[in-house]
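Inspection log for the structure reproduced underneath, given as structure tokens.
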Amino acid sequence: MILEVLGAAVLGLVLAWAAAHRLPDRLPARPLVYSTGLAGALFGDFVTHSALGPGSALPSILGAAIVSTASLSLLLRPARRRLRRSATA
């Protein structure tokens, strides 16, 4: 179980790093991104492990990845676009 939690924590940090690396202009400060990815993965692992019981390491890690990704997606801001103003306005 300890290895499962450590695996979920590492997975959450890797997902947070990937999101911060790919979308730096659409995410807030990196410490918030890393802590959200980590907390989401640990929470997802806890919920999945509680629902399925012991002996289900792979589904628990999958649940951790899903919740971590969903948590990170909540931090995304819209892409910045320049608004064109027409000459008649």
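Following the order of the structure tokens, first chain is A, next is B, and so on, with residues numbered from 1 inside each chain and ligands from 1 in the order they appear.
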
Near region 45-57 of chain A, within 12 Å and counting only C-alpha atoms, which residues show up once chain neighbours fewer than 5 positions away are dropped, as an mmCIF file with N, CA, C and O atoms, in the first residue's frame?
data_model
loop_
_atom_site.group_PDB
_atom_site.id
_atom_site.type_symbol
_atom_site.label_atom_id
_atom_site.label_comp_id
_atom_site.auth_asym_id
_atom_site.auth_seq_id
_atom_site.Cartn_x
_atom_site.Cartn_y
_atom_site.Cartn_z
ATOM 1 N N MET A 1 0.820 -1.189 0.000
ATOM 2 C CA MET A 1 0.000 0.000 0.000
ATOM 3 C C MET A 1 0.867 1.256 0.000
ATOM 4 O O MET A 1 0.501 2.250 -0.622
ATOM 5 N N ILE A 2 1.992 1.211 0.662
ATOM 6 C CA ILE A 2 2.874 2.371 0.684
ATOM 7 C C ILE A 2 3.442 2.631 -0.710
ATOM 8 O O ILE A 2 3.537 3.779 -1.141
ATOM 9 N N LEU A 3 3.794 1.565 -1.427
ATOM 10 C CA LEU A 3 4.284 1.738 -2.785
ATOM 11 C C LEU A 3 3.200 2.291 -3.700
ATOM 12 O O LEU A 3 3.476 3.064 -4.622
ATOM 13 N N GLU A 4 1.972 1.912 -3.449
ATOM 14 C CA GLU A 4 0.851 2.435 -4.231
ATOM 15 C C GLU A 4 0.699 3.937 -4.015
ATOM 16 O O GLU A 4 0.507 4.702 -4.966
ATOM 17 N N VAL A 5 0.809 4.378 -2.781
ATOM 18 C CA VAL A 5 0.700 5.805 -2.473
ATOM 19 C C VAL A 5 1.877 6.577 -3.054
ATOM 20 O O VAL A 5 1.704 7.655 -3.634
ATOM 21 N N LEU A 6 3.073 6.018 -2.932
ATOM 22 C CA LEU A 6 4.236 6.680 -3.520
ATOM 23 C C LEU A 6 4.129 6.750 -5.041
ATOM 24 O O LEU A 6 4.488 7.754 -5.655
ATOM 25 N N GLY A 7 3.638 5.680 -5.651
ATOM 26 C CA GLY A 7 3.438 5.687 -7.093
ATOM 27 C C GLY A 7 2.419 6.728 -7.525
ATOM 28 O O GLY A 7 2.606 7.413 -8.539
ATOM 29 N N ALA A 8 1.344 6.857 -6.765
ATOM 30 C CA ALA A 8 0.331 7.869 -7.078
ATOM 31 C C ALA A 8 0.907 9.271 -6.909
ATOM 32 O O ALA A 8 0.626 10.167 -7.719
ATOM 33 N N ALA A 9 1.711 9.485 -5.875
ATOM 34 C CA ALA A 9 2.319 10.796 -5.658
ATOM 35 C C ALA A 9 3.271 11.161 -6.792
ATOM 36 O O ALA A 9 3.237 12.287 -7.307
ATOM 37 N N VAL A 10 4.082 10.215 -7.200
ATOM 38 C CA VAL A 10 5.007 10.468 -8.307
ATOM 39 C C VAL A 10 4.225 10.732 -9.594
ATOM 40 O O VAL A 10 4.555 11.638 -10.371
ATOM 41 N N LEU A 11 3.174 9.956 -9.824
ATOM 42 C CA LEU A 11 2.347 10.154 -11.006
ATOM 43 C C LEU A 11 1.707 11.540 -11.005
ATOM 44 O O LEU A 11 1.676 12.219 -12.038
ATOM 45 N N GLY A 12 1.210 11.985 -9.863
ATOM 46 C CA GLY A 12 0.624 13.323 -9.759
ATOM 47 C C GLY A 12 1.630 14.417 -10.041
ATOM 48 O O GLY A 12 1.327 15.399 -10.736
ATOM 49 N N LEU A 38 -0.421 16.763 -7.102
ATOM 50 C CA LEU A 38 -0.120 15.808 -6.027
ATOM 51 C C LEU A 38 -1.360 15.500 -5.199
ATOM 52 O O LEU A 38 -1.680 14.322 -4.955
ATOM 53 N N ALA A 39 -2.076 16.526 -4.784
ATOM 54 C CA ALA A 39 -3.268 16.308 -3.959
ATOM 55 C C ALA A 39 -4.348 15.555 -4.732
ATOM 56 O O ALA A 39 -5.019 14.675 -4.183
ATOM 57 N N GLY A 40 -4.507 15.875 -6.005
ATOM 58 C CA GLY A 40 -5.492 15.168 -6.818
ATOM 59 C C GLY A 40 -5.164 13.695 -6.965
ATOM 60 O O GLY A 40 -6.045 12.834 -6.887
ATOM 61 N N LEU A 62 -4.788 4.161 -11.747
ATOM 62 C CA LEU A 62 -5.575 4.745 -12.825
ATOM 63 C C LEU A 62 -6.549 5.791 -12.281
ATOM 64 O O LEU A 62 -6.712 6.860 -12.867
ATOM 65 N N GLY A 63 -7.172 5.505 -11.160
ATOM 66 C CA GLY A 63 -8.051 6.485 -10.517
ATOM 67 C C GLY A 63 -7.287 7.724 -10.080
ATOM 68 O O GLY A 63 -7.788 8.842 -10.187
ATOM 69 N N ALA A 64 -6.065 7.529 -9.604
ATOM 70 C CA ALA A 64 -5.229 8.664 -9.218
ATOM 71 C C ALA A 64 -4.914 9.538 -10.418
ATOM 72 O O ALA A 64 -4.943 10.773 -10.333
ATOM 73 N N ALA A 65 -4.616 8.923 -11.550
ATOM 74 C CA ALA A 65 -4.301 9.684 -12.766
ATOM 75 C C ALA A 65 -5.522 10.468 -13.247
ATOM 76 O O ALA A 65 -5.405 11.628 -13.662
ATOM 77 N N ILE A 66 -6.689 9.850 -13.170
ATOM 78 C CA ILE A 66 -7.907 10.515 -13.638
ATOM 79 C C ILE A 66 -8.244 11.721 -12.764
ATOM 80 O O ILE A 66 -8.528 12.811 -13.271
ATOM 81 N N VAL A 67 -8.199 11.547 -11.451
ATOM 82 C CA VAL A 67 -8.549 12.656 -10.554
ATOM 83 C C VAL A 67 -7.494 13.753 -10.611
ATOM 84 O O VAL A 67 -7.818 14.945 -10.582
ATOM 85 N N SER A 68 -6.229 13.382 -10.731
ATOM 86 C CA SER A 68 -5.176 14.380 -10.839
ATOM 87 C C SER A 68 -5.330 15.198 -12.118
ATOM 88 O O SER A 68 -5.201 16.428 -12.102
#

Backbone-only DSSP, alpha helix (DSSP H) members of chain A, as an NGL selection string: :A and (2-22 or 30-52 or 57-73)

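Counting from CA of Tyr34 (chain A), the distance to CA of Leu13 (chain A) is 6.0 Å.
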
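One finds CA of Ala70 (chain A) at 13.9 Å from CA of Ala18 (chain A).
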
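Between CA of Gly44 (chain A) and CA of Leu58 (chain A) there is a distance of 12.4 Å.
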
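For the residues A:Thr36, A:Arg22, A:Pro28, A:Leu15, ranking by smallest atom-to-atom distance to Arg77 (chain A) using only C-alpha atoms places A:Pro28 first.
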
For Ala20 (chain A), find every residue with an atom within 8 Å (counting only C-alpha atoms), except residues of its own chain fewer than 5 positions away, and show them as a ChimeraX atom specification. /A:27,30,33

Once you have the residues from the selection above, write them out as a compact mmCIF listing (two decimals), in the first residue's frame, restricted to C-alpha atoms.
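Once written, result-v2.txt looks like this:
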# COMPACT_ATOMS: atom_id res chain seq x y z
CA LEU A 27 -1.74 27.91 -15.65
CA ARG A 30 3.99 26.38 -10.50
CA VAL A 33 0.07 23.40 -10.10
